[in-house]
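Visitor: Dropping in target.pdb, which is PDB, C-alpha atoms:
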```
MODEL        1
ATOM      1  CA  MET A   1      23.556 -69.625  64.309  1.00  0.00           C
ATOM      2  CA  LEU A   2      22.599 -68.749  60.751  1.00  0.00           C
ATOM      3  CA  LEU A   3      25.146 -71.256  59.452  1.00  0.00           C
ATOM      4  CA  SER A   4      23.753 -74.100  61.568  1.00  0.00           C
ATOM      5  CA  GLU A   5      20.209 -73.265  60.453  1.00  0.00           C
ATOM      6  CA  ASN A   6      21.235 -73.330  56.795  1.00  0.00           C
ATOM      7  CA  LEU A   7      23.106 -76.600  57.199  1.00  0.00           C
ATOM      8  CA  GLN A   8      20.048 -78.073  58.908  1.00  0.00           C
ATOM      9  CA  SER A   9      17.885 -76.896  56.027  1.00  0.00           C
ATOM     10  CA  GLU A  10      20.191 -78.869  53.727  1.00  0.00           C
ATOM     11  CA  GLY A  11      19.473 -82.034  55.697  1.00  0.00           C
ATOM     12  CA  TYR A  12      22.521 -82.156  57.984  1.00  0.00           C
ATOM     13  CA  ASN A  13      22.188 -83.082  61.662  1.00  0.00           C
ATOM     14  CA  ILE A  14      23.858 -80.259  63.590  1.00  0.00           C
ATOM     15  CA  THR A  15      25.242 -80.113  67.131  1.00  0.00           C
ATOM     16  CA  VAL A  16      26.415 -76.720  68.424  1.00  0.00           C
ATOM     17  CA  ALA A  17      29.023 -76.336  71.188  1.00  0.00           C
ATOM     18  CA  SER A  18      29.533 -73.032  73.004  1.00  0.00           C
ATOM     19  CA  ASP A  19      33.307 -73.464  73.387  1.00  0.00           C
ATOM     20  CA  GLY A  20      36.175 -75.876  72.739  1.00  0.00           C
ATOM     21  CA  MET A  21      35.920 -77.751  76.031  1.00  0.00           C
ATOM     22  CA  GLU A  22      32.232 -78.416  75.471  1.00  0.00           C
ATOM     23  CA  ALA A  23      33.071 -79.670  71.969  1.00  0.00           C
ATOM     24  CA  LEU A  24      35.624 -82.126  73.392  1.00  0.00           C
ATOM     25  CA  ARG A  25      32.969 -83.564  75.687  1.00  0.00           C
ATOM     26  CA  LEU A  26      30.859 -84.492  72.652  1.00  0.00           C
ATOM     27  CA  PRO A  27      31.248 -87.911  70.915  1.00  0.00           C
ATOM     28  CA  LEU A  28      33.287 -86.326  68.121  1.00  0.00           C
ATOM     29  CA  ASP A  29      34.343 -89.744  66.799  1.00  0.00           C
ATOM     30  CA  GLU A  30      30.738 -90.156  65.622  1.00  0.00           C
ATOM     31  CA  PHE A  31      30.742 -86.823  63.760  1.00  0.00           C
ATOM     32  CA  SER A  32      31.227 -86.564  59.993  1.00  0.00           C
ATOM     33  CA  LEU A  33      32.685 -83.042  60.184  1.00  0.00           C
ATOM     34  CA  VAL A  34      33.651 -80.355  62.712  1.00  0.00           C
ATOM     35  CA  ILE A  35      33.454 -76.645  61.829  1.00  0.00           C
ATOM     36  CA  SER A  36      35.327 -74.430  64.277  1.00  0.00           C
ATOM     37  CA  GLU A  37      36.257 -70.804  64.784  1.00  0.00           C
ATOM     38  CA  ILE A  38      39.894 -70.243  65.760  1.00  0.00           C
ATOM     39  CA  ASP A  39      39.223 -67.600  68.432  1.00  0.00           C
ATOM     40  CA  LEU A  40      36.934 -69.657  70.646  1.00  0.00           C
ATOM     41  CA  PRO A  41      35.694 -68.478  74.045  1.00  0.00           C
ATOM     42  CA  GLY A  42      36.925 -70.321  77.096  1.00  0.00           C
ATOM     43  CA  GLU A  43      40.096 -72.218  77.908  1.00  0.00           C
ATOM     44  CA  ILE A  44      41.188 -73.489  74.491  1.00  0.00           C
ATOM     45  CA  ASP A  45      41.200 -72.011  71.001  1.00  0.00           C
ATOM     46  CA  GLY A  46      40.502 -73.709  67.684  1.00  0.00           C
ATOM     47  CA  PHE A  47      44.131 -74.720  67.199  1.00  0.00           C
ATOM     48  CA  GLU A  48      44.209 -76.585  70.510  1.00  0.00           C
ATOM     49  CA  LEU A  49      40.845 -78.175  69.788  1.00  0.00           C
ATOM     50  CA  LEU A  50      42.220 -79.452  66.492  1.00  0.00           C
ATOM     51  CA  GLU A  51      45.462 -80.631  68.124  1.00  0.00           C
ATOM     52  CA  ARG A  52      43.567 -82.606  70.769  1.00  0.00           C
ATOM     53  CA  MET A  53      41.382 -84.191  68.110  1.00  0.00           C
ATOM     54  CA  LYS A  54      44.417 -85.222  66.059  1.00  0.00           C
ATOM     55  CA  ASP A  55      46.141 -86.641  69.146  1.00  0.00           C
ATOM     56  CA  ASP A  56      43.157 -88.880  69.927  1.00  0.00           C
ATOM     57  CA  PRO A  57      43.044 -92.003  67.692  1.00  0.00           C
ATOM     58  CA  LEU A  58      39.230 -91.970  67.894  1.00  0.00           C
ATOM     59  CA  THR A  59      38.908 -88.465  66.418  1.00  0.00           C
ATOM     60  CA  ALA A  60      42.121 -88.161  64.395  1.00  0.00           C
ATOM     61  CA  GLY A  61      40.296 -88.955  61.147  1.00  0.00           C
ATOM     62  CA  VAL A  62      37.373 -86.561  61.666  1.00  0.00           C
ATOM     63  CA  PRO A  63      37.717 -83.705  59.143  1.00  0.00           C
ATOM     64  CA  VAL A  64      37.850 -80.148  60.485  1.00  0.00           C
ATOM     65  CA  ILE A  65      37.074 -76.858  58.733  1.00  0.00           C
ATOM     66  CA  PHE A  66      38.270 -73.590  60.242  1.00  0.00           C
ATOM     67  CA  CYS A  67      35.738 -70.782  59.709  1.00  0.00           C
ATOM     68  CA  THR A  68      37.263 -67.521  60.905  1.00  0.00           C
ATOM     69  CA  VAL A  69      37.803 -63.798  60.356  1.00  0.00           C
ATOM     70  CA  ARG A  70      41.570 -64.343  60.375  1.00  0.00           C
ATOM     71  CA  ASP A  71      42.516 -63.741  56.756  1.00  0.00           C
ATOM     72  CA  GLY A  72      46.311 -63.397  56.911  1.00  0.00           C
ATOM     73  CA  GLU A  73      48.424 -65.776  54.831  1.00  0.00           C
ATOM     74  CA  ASN A  74      50.312 -66.894  57.953  1.00  0.00           C
ATOM     75  CA  ASP A  75      47.029 -67.694  59.691  1.00  0.00           C
ATOM     76  CA  ILE A  76      45.825 -69.754  56.720  1.00  0.00           C
ATOM     77  CA  ILE A  77      49.106 -71.667  56.448  1.00  0.00           C
ATOM     78  CA  GLN A  78      49.166 -72.255  60.212  1.00  0.00           C
ATOM     79  CA  GLY A  79      45.608 -73.577  60.096  1.00  0.00           C
ATOM     80  CA  LEU A  80      46.323 -75.973  57.243  1.00  0.00           C
ATOM     81  CA  ASN A  81      49.625 -77.089  58.757  1.00  0.00           C
ATOM     82  CA  ALA A  82      47.807 -77.809  62.006  1.00  0.00           C
ATOM     83  CA  GLY A  83      45.697 -80.360  60.170  1.00  0.00           C
ATOM     84  CA  ALA A  84      42.564 -78.503  59.084  1.00  0.00           C
ATOM     85  CA  ASP A  85      40.985 -79.914  55.926  1.00  0.00           C
ATOM     86  CA  ASP A  86      39.819 -76.481  54.771  1.00  0.00           C
ATOM     87  CA  TYR A  87      40.091 -72.849  55.874  1.00  0.00           C
ATOM     88  CA  ILE A  88      37.235 -70.453  55.147  1.00  0.00           C
ATOM     89  CA  VAL A  89      37.502 -66.721  55.792  1.00  0.00           C
ATOM     90  CA  ARG A  90      34.445 -64.778  56.932  1.00  0.00           C
ATOM     91  CA  PRO A  91      32.435 -63.168  55.512  1.00  0.00           C
ATOM     92  CA  PHE A  92      31.511 -65.851  53.001  1.00  0.00           C
ATOM     93  CA  SER A  93      28.463 -66.714  50.953  1.00  0.00           C
ATOM     94  CA  LEU A  94      26.319 -69.561  52.219  1.00  0.00           C
ATOM     95  CA  ARG A  95      26.556 -71.165  48.787  1.00  0.00           C
ATOM     96  CA  GLU A  96      30.350 -71.204  49.059  1.00  0.00           C
ATOM     97  CA  MET A  97      30.232 -72.624  52.572  1.00  0.00           C
ATOM     98  CA  LEU A  98      27.837 -75.391  51.573  1.00  0.00           C
ATOM     99  CA  ALA A  99      30.004 -76.227  48.573  1.00  0.00           C
ATOM    100  CA  ARG A 100      33.124 -76.446  50.746  1.00  0.00           C
ATOM    101  CA  VAL A 101      31.326 -78.623  53.315  1.00  0.00           C
ATOM    102  CA  ARG A 102      30.139 -80.999  50.591  1.00  0.00           C
ATOM    103  CA  SER A 103      33.650 -81.151  49.129  1.00  0.00           C
ATOM    104  CA  VAL A 104      35.282 -82.089  52.450  1.00  0.00           C
ATOM    105  CA  LEU A 105      32.604 -84.696  53.165  1.00  0.00           C
ATOM    106  CA  ARG A 106      32.999 -86.121  49.665  1.00  0.00           C
ATOM    107  CA  ARG A 107      36.752 -86.466  50.091  1.00  0.00           C
ATOM    108  CA  HIS A 108      36.283 -88.070  53.479  1.00  0.00           C
ATOM    109  CA  ARG A 109      33.511 -90.518  52.645  1.00  0.00           C
ATOM    110  CA  ASN A 110      33.800 -91.286  48.974  1.00  0.00           C
ATOM    111  CA  MET A 111      37.506 -91.203  48.241  1.00  0.00           C
ATOM    112  CA  ALA A 112      37.523 -93.833  45.508  1.00  0.00           C
ATOM    113  CA  PRO A 113      40.725 -95.863  45.126  1.00  0.00           C
ATOM    114  CA  MET A 114      42.620 -95.346  41.892  1.00  0.00           C
ATOM    115  CA  ALA A 115      42.714 -99.104  41.322  1.00  0.00           C
ATOM    116  CA  SER A 116      41.108-102.240  42.724  1.00  0.00           C
ATOM    117  CA  ARG A 117      44.088-103.097  44.915  1.00  0.00           C
ATOM    118  CA  ARG A 118      43.096-102.674  48.576  1.00  0.00           C
ATOM    119  CA  THR A 119      46.511-102.352  50.239  1.00  0.00           C
ATOM    120  CA  ILE A 120      49.781-100.867  49.074  1.00  0.00           C
ATOM    121  CA  GLU A 121      53.064-102.021  50.567  1.00  0.00           C
ATOM    122  CA  TYR A 122      56.455-100.401  50.219  1.00  0.00           C
ATOM    123  CA  ARG A 123      59.132-101.897  52.456  1.00  0.00           C
ATOM    124  CA  THR A 124      57.842-101.283  56.010  1.00  0.00           C
ATOM    125  CA  LEU A 125      55.111 -98.885  54.866  1.00  0.00           C
ATOM    126  CA  LEU A 126      51.550-100.206  54.506  1.00  0.00           C
ATOM    127  CA  LEU A 127      48.711 -98.075  53.121  1.00  0.00           C
ATOM    128  CA  ASN A 128      45.219 -99.523  53.584  1.00  0.00           C
ATOM    129  CA  VAL A 129      42.819 -98.230  50.937  1.00  0.00           C
ATOM    130  CA  ASP A 130      39.693 -99.474  52.721  1.00  0.00           C
ATOM    131  CA  SER A 131      40.389 -97.916  56.124  1.00  0.00           C
ATOM    132  CA  HIS A 132      42.501 -95.003  54.816  1.00  0.00           C
ATOM    133  CA  GLY A 133      45.061 -96.126  57.373  1.00  0.00           C
ATOM    134  CA  LEU A 134      48.835 -95.836  57.222  1.00  0.00           C
ATOM    135  CA  ILE A 135      51.243 -98.051  59.157  1.00  0.00           C
ATOM    136  CA  ILE A 136      54.993 -97.406  59.185  1.00  0.00           C
ATOM    137  CA  ASP A 137      57.349 -99.799  60.982  1.00  0.00           C
ATOM    138  CA  GLY A 138      54.341-101.313  62.752  1.00  0.00           C
ATOM    139  CA  GLU A 139      53.131 -97.950  64.086  1.00  0.00           C
ATOM    140  CA  SER A 140      49.824 -96.374  63.015  1.00  0.00           C
ATOM    141  CA  VAL A 141      50.092 -92.904  61.459  1.00  0.00           C
ATOM    142  CA  SER A 142      47.034 -90.639  61.335  1.00  0.00           C
ATOM    143  CA  LEU A 143      46.282 -89.070  57.936  1.00  0.00           C
ATOM    144  CA  SER A 144      43.676 -86.497  57.001  1.00  0.00           C
ATOM    145  CA  PRO A 145      41.455 -87.404  54.022  1.00  0.00           C
ATOM    146  CA  THR A 146      43.441 -84.985  51.854  1.00  0.00           C
ATOM    147  CA  GLU A 147      46.801 -86.389  52.936  1.00  0.00           C
ATOM    148  CA  PHE A 148      45.570 -89.912  52.246  1.00  0.00           C
ATOM    149  CA  ALA A 149      44.372 -88.938  48.747  1.00  0.00           C
ATOM    150  CA  ILE A 150      47.753 -87.407  47.911  1.00  0.00           C
ATOM    151  CA  LEU A 151      49.814 -90.308  49.280  1.00  0.00           C
ATOM    152  CA  ASN A 152      47.511 -92.844  47.615  1.00  0.00           C
ATOM    153  CA  MET A 153      48.023 -91.124  44.269  1.00  0.00           C
ATOM    154  CA  LEU A 154      51.801 -90.739  44.570  1.00  0.00           C
ATOM    155  CA  ILE A 155      52.650 -94.158  45.969  1.00  0.00           C
ATOM    156  CA  ARG A 156      50.469 -96.011  43.454  1.00  0.00           C
ATOM    157  CA  SER A 157      52.464 -94.357  40.677  1.00  0.00           C
ATOM    158  CA  ARG A 158      55.868 -94.611  42.318  1.00  0.00           C
ATOM    159  CA  ASN A 159      58.710 -92.895  40.465  1.00  0.00           C
ATOM    160  CA  HIS A 160      56.260 -90.796  38.448  1.00  0.00           C
ATOM    161  CA  LEU A 161      56.104 -87.023  38.975  1.00  0.00           C
ATOM    162  CA  PHE A 162      52.810 -85.136  39.128  1.00  0.00           C
ATOM    163  CA  LYS A 163      52.244 -81.424  38.682  1.00  0.00           C
ATOM    164  CA  ARG A 164      50.321 -79.463  41.319  1.00  0.00           C
ATOM    165  CA  GLU A 165      47.277 -79.298  39.066  1.00  0.00           C
ATOM    166  CA  GLU A 166      47.126 -83.090  38.787  1.00  0.00           C
ATOM    167  CA  ILE A 167      47.480 -83.576  42.539  1.00  0.00           C
ATOM    168  CA  PHE A 168      44.848 -80.949  43.252  1.00  0.00           C
ATOM    169  CA  ALA A 169      42.393 -82.600  40.874  1.00  0.00           C
ATOM    170  CA  ALA A 170      42.812 -85.918  42.711  1.00  0.00           C
ATOM    171  CA  ALA A 171      42.712 -84.557  46.272  1.00  0.00           C
ATOM    172  CA  TRP A 172      40.110 -81.824  45.773  1.00  0.00           C
ATOM    173  CA  PRO A 173      37.763 -83.336  43.169  1.00  0.00           C
ATOM    174  CA  GLY A 174      35.443 -80.881  41.460  1.00  0.00           C
ATOM    175  CA  GLU A 175      37.090 -77.774  42.925  1.00  0.00           C
ATOM    176  CA  GLU A 176      38.957 -74.983  41.150  1.00  0.00           C
ATOM    177  CA  LEU A 177      42.635 -74.460  41.882  1.00  0.00           C
ATOM    178  CA  ASN A 178      42.435 -70.993  43.450  1.00  0.00           C
ATOM    179  CA  ASN A 179      45.368 -71.448  45.828  1.00  0.00           C
ATOM    180  CA  PRO A 180      48.272 -73.630  44.616  1.00  0.00           C
ATOM    181  CA  ARG A 181      49.811 -73.383  48.119  1.00  0.00           C
ATOM    182  CA  LEU A 182      47.171 -75.853  49.330  1.00  0.00           C
ATOM    183  CA  VAL A 183      49.050 -78.632  47.553  1.00  0.00           C
ATOM    184  CA  ASP A 184      52.430 -77.534  48.927  1.00  0.00           C
ATOM    185  CA  VAL A 185      51.155 -77.200  52.500  1.00  0.00           C
ATOM    186  CA  ASN A 186      49.460 -80.594  52.525  1.00  0.00           C
ATOM    187  CA  ILE A 187      52.498 -82.334  51.038  1.00  0.00           C
ATOM    188  CA  SER A 188      54.752 -80.624  53.572  1.00  0.00           C
ATOM    189  CA  ARG A 189      52.431 -81.859  56.328  1.00  0.00           C
ATOM    190  CA  LEU A 190      52.406 -85.350  54.828  1.00  0.00           C
ATOM    191  CA  ARG A 191      56.194 -85.438  54.545  1.00  0.00           C
ATOM    192  CA  LYS A 192      56.527 -84.774  58.290  1.00  0.00           C
ATOM    193  CA  LYS A 193      54.327 -87.799  59.019  1.00  0.00           C
ATOM    194  CA  LEU A 194      56.278 -90.188  56.779  1.00  0.00           C
ATOM    195  CA  GLY A 195      59.315 -90.357  59.057  1.00  0.00           C
ATOM    196  CA  THR A 196      62.171 -92.164  57.332  1.00  0.00           C
ATOM    197  CA  TYR A 197      60.121 -92.261  54.120  1.00  0.00           C
ATOM    198  CA  SER A 198      60.013 -88.474  53.898  1.00  0.00           C
ATOM    199  CA  ARG A 199      63.087 -88.629  51.662  1.00  0.00           C
ATOM    200  CA  ASN A 200      61.050 -90.612  49.134  1.00  0.00           C
ATOM    201  CA  LEU A 201      58.527 -87.781  48.733  1.00  0.00           C
ATOM    202  CA  VAL A 202      60.364 -85.402  46.420  1.00  0.00           C
ATOM    203  CA  ASN A 203      59.694 -82.183  44.554  1.00  0.00           C
ATOM    204  CA  LYS A 204      61.688 -81.612  41.381  1.00  0.00           C
ATOM    205  CA  SER A 205      61.552 -78.072  40.060  1.00  0.00           C
ATOM    206  CA  GLY A 206      59.493 -77.794  36.899  1.00  0.00           C
ATOM    207  CA  LEU A 207      58.493 -81.468  37.014  1.00  0.00           C
ATOM    208  CA  GLY A 208      56.380 -81.866  40.126  1.00  0.00           C
ATOM    209  CA  TYR A 209      55.963 -84.100  43.154  1.00  0.00           C
ATOM    210  CA  GLY A 210      56.448 -87.854  43.364  1.00  0.00           C
ATOM    211  CA  PHE A 211      57.118 -90.791  45.664  1.00  0.00           C
ATOM    212  CA  VAL A 212      60.368 -92.243  44.345  1.00  0.00           C
ATOM    213  CA  ASP A 213      62.737 -95.059  45.207  1.00  0.00           C
ATOM    214  CA  GLU A 214      65.896 -93.896  46.915  1.00  0.00           C
ATOM    215  CA  ILE A 215      68.864 -93.519  44.623  1.00  0.00           C
TER
ENDMDL
END
```
Give the structure from this file in structure tokens form.
Guide:
Amino acid sequence: MLLSENLQSEGYNITVASDGMEALRLPLDEFSLVISEIDLPGEIDGFELLERMKDDPLTAGVPVIFCTVRDGENDIIQGLNAGADDYIVRPFSLREMLARVRSVLRRHRNMAPMASRRTIEYRTLLLNVDSHGLIIDGESVSLSPTEFAILNMLIRSRNHLFKREEIFAAAWPGEELNNPRLVDVNISRLRKKLGTYSRNLVNKSGLGYGFVDEI
């Protein structure tokens, strides 16, 4: 309740749901951001709420932040692998929470393209910079804002390798690199979505990540 009041005081319009099923009955496709606990009351937990959102084309692109007392590394990795855009462990300062909310919204709304070109094509892969959409072999693939930022960076500079710090700076603008695993987890998640193009997303020890032509 305190969090919603503070977000409202910052000018955000807030809707509070008592459990996951109530949240799913809301027009989530019109929301800019969803903040969810993992251990929700009722029939579904935060992981299932997130999974259902990602499975629905209307809500697949809505960013989600997990805000939870679960502080284990496995919990954090599971949350990020599930598709959460950020994972915040309670207790936290309100200043930190507001900063993380602004960062996710900035990545989602104002992800500036790295060049003026509006679409990127590579064989049967099409990345649309305007809609942040990805199509592979004619099929739409849902990407989180972070995944889009990483793929946009790598595929625009095909055959070039980037260090974690460079990728983090592009995908999490203005934030400090406190957890290098964030980059690894998001790239692992992205690789699973690329299908046959997963082999093009490589990691060379000591050199970094890149989207490369097959040898």
Visitor: Which stretch 55-100 of chain A residues have any atom within 10 Å of an atom of stretch 28-37 of chain A, and for each, what is the nearest pair of atoms with distance in Å to one decimal, counting only C-alpha atoms, rows sorted by chain and number, as CSV?
Guide:
```
residue,atom,partner,partner_atom,distance
A:Asp56,CA,A:Asp29,CA,9.4
A:Pro57,CA,A:Asp29,CA,9.0
A:Leu58,CA,A:Asp29,CA,5.5
A:Thr59,CA,A:Asp29,CA,4.8
A:Ala60,CA,A:Asp29,CA,8.3
A:Gly61,CA,A:Asp29,CA,8.2
A:Val62,CA,A:Leu33,CA,6.0
A:Pro63,CA,A:Leu33,CA,5.2
A:Val64,CA,A:Val34,CA,4.8
A:Ile65,CA,A:Ile35,CA,4.8
A:Phe66,CA,A:Ser36,CA,5.1
A:Cys67,CA,A:Glu37,CA,5.1
A:Thr68,CA,A:Glu37,CA,5.2
A:Val69,CA,A:Glu37,CA,8.4
A:Arg70,CA,A:Glu37,CA,9.5
A:Ala84,CA,A:Ile35,CA,9.7
A:Asp85,CA,A:Leu33,CA,9.8
A:Asp86,CA,A:Ile35,CA,9.5
A:Tyr87,CA,A:Ile35,CA,9.7
A:Ile88,CA,A:Glu37,CA,9.7
A:Val89,CA,A:Glu37,CA,10.0
```
Visitor: Skip A:Gly138 itself and residues of its chain fewer than 3 positions away, then list as a list in words all residues within 10 Å of it, counting all atoms listed in the file.
Guide: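 Near A:Gly138, the qualifying residues are Thr124, Leu125, Leu126, Leu134, Ile135 and Val141 of chain A.
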Visitor: Take the PyMOL selection byres ((chain A and resi 172) around 9), run it mentally on this structure, and tell me the resulting residues as a PyMOL selection string.
Guide: chain A and resi 103-104+107+146+149+167-171+173-177
Visitor: Which residue, A:Arg95, A:Arg181, A:His160, A:Arg106, has the smallest gap to A:Asn74 when you use all atoms listed in the file?
Guide: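 Using all atoms listed in the file, A:Asn74 sits closest to A:Arg181.
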Visitor: Restricting the calculation to all atoms listed in the file: of A:Asn178, A:Ser131, A:Ser4, A:Asn200, which residue gets closest to A:Leu154?
Guide: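 Nearest to A:Leu154: A:Asn200.
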Visitor: Closest to A:Tyr122 among A:Leu105, A:Ile155, A:Leu49, A:Leu80, using all atoms listed in the file?
Guide: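 Nearest candidate to A:Tyr122 out of A:Leu105, A:Ile155, A:Leu49, A:Leu80: A:Ile155.
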Visitor: My list of candidates is A:Gly133, A:Gly20, A:Pro91, A:Pro145. Which is closest to A:His108 when distances are computed with only C-alpha atoms?
Guide: A:Pro145
Visitor: Counting all atoms listed in the file, find residues at most 12 Å from (55.9, -89.3, 56.1) (file frame) and give them as number ranges by chain.
Guide: A: 125-127, 134-137, 140-143, 147-148, 150-151, 155, 186-202, 211
Visitor: Some atoms are absent from stretch 71-83 of chain A, so rebuild N, CA, C and O atoms and return them as an mmCIF file, in the frame of the given file.
Guide:
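The resulting out.cif:
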```cif
data_model
loop_
_atom_site.group_PDB
_atom_site.id
_atom_site.type_symbol
_atom_site.label_atom_id
_atom_site.label_comp_id
_atom_site.auth_asym_id
_atom_site.auth_seq_id
_atom_site.Cartn_x
_atom_site.Cartn_y
_atom_site.Cartn_z
ATOM 1 N N ASP A 71 42.317 -63.595 58.195
ATOM 2 C CA ASP A 71 42.516 -63.741 56.756
ATOM 3 C C ASP A 71 43.970 -63.594 56.320
ATOM 4 O O ASP A 71 44.267 -63.543 55.126
ATOM 5 N N GLY A 72 44.908 -63.524 57.276
ATOM 6 C CA GLY A 72 46.311 -63.397 56.911
ATOM 7 C C GLY A 72 46.866 -64.697 56.345
ATOM 8 O O GLY A 72 46.420 -65.793 56.710
ATOM 9 N N GLU A 73 47.838 -64.581 55.438
ATOM 10 C CA GLU A 73 48.424 -65.776 54.831
ATOM 11 C C GLU A 73 49.043 -66.680 55.891
ATOM 12 O O GLU A 73 48.910 -67.907 55.827
ATOM 13 N N ASN A 74 49.698 -66.078 56.899
ATOM 14 C CA ASN A 74 50.312 -66.894 57.953
ATOM 15 C C ASN A 74 49.263 -67.664 58.743
ATOM 16 O O ASN A 74 49.488 -68.808 59.145
ATOM 17 N N ASP A 75 48.107 -67.010 58.975
ATOM 18 C CA ASP A 75 47.029 -67.694 59.691
ATOM 19 C C ASP A 75 46.524 -68.891 58.890
ATOM 20 O O ASP A 75 46.287 -69.976 59.441
ATOM 21 N N ILE A 76 46.337 -68.682 57.578
ATOM 22 C CA ILE A 76 45.825 -69.754 56.720
ATOM 23 C C ILE A 76 46.810 -70.924 56.680
ATOM 24 O O ILE A 76 46.426 -72.091 56.836
ATOM 25 N N ILE A 77 48.089 -70.611 56.499
ATOM 26 C CA ILE A 77 49.106 -71.667 56.448
ATOM 27 C C ILE A 77 49.198 -72.382 57.789
ATOM 28 O O ILE A 77 49.301 -73.618 57.844
ATOM 29 N N GLN A 78 49.125 -71.625 58.887
ATOM 30 C CA GLN A 78 49.166 -72.255 60.212
ATOM 31 C C GLN A 78 47.974 -73.183 60.409
ATOM 32 O O GLN A 78 48.121 -74.295 60.937
ATOM 33 N N GLY A 79 46.794 -72.745 59.956
ATOM 34 C CA GLY A 79 45.608 -73.577 60.096
ATOM 35 C C GLY A 79 45.711 -74.864 59.308
ATOM 36 O O GLY A 79 45.373 -75.947 59.808
ATOM 37 N N LEU A 80 46.190 -74.778 58.073
ATOM 38 C CA LEU A 80 46.323 -75.973 57.243
ATOM 39 C C LEU A 80 47.430 -76.883 57.766
ATOM 40 O O LEU A 80 47.288 -78.108 57.777
ATOM 41 N N ASN A 81 48.534 -76.282 58.205
ATOM 42 C CA ASN A 81 49.625 -77.089 58.757
ATOM 43 C C ASN A 81 49.209 -77.799 60.037
ATOM 44 O O ASN A 81 49.720 -78.878 60.354
ATOM 45 N N ALA A 82 48.282 -77.197 60.766
ATOM 46 C CA ALA A 82 47.807 -77.809 62.006
ATOM 47 C C ALA A 82 46.954 -79.039 61.742
ATOM 48 O O ALA A 82 46.735 -79.851 62.648
ATOM 49 N N GLY A 83 46.478 -79.173 60.500
ATOM 50 C CA GLY A 83 45.697 -80.360 60.170
ATOM 51 C C GLY A 83 44.287 -80.088 59.703
ATOM 52 O O GLY A 83 43.527 -81.027 59.464
#
```
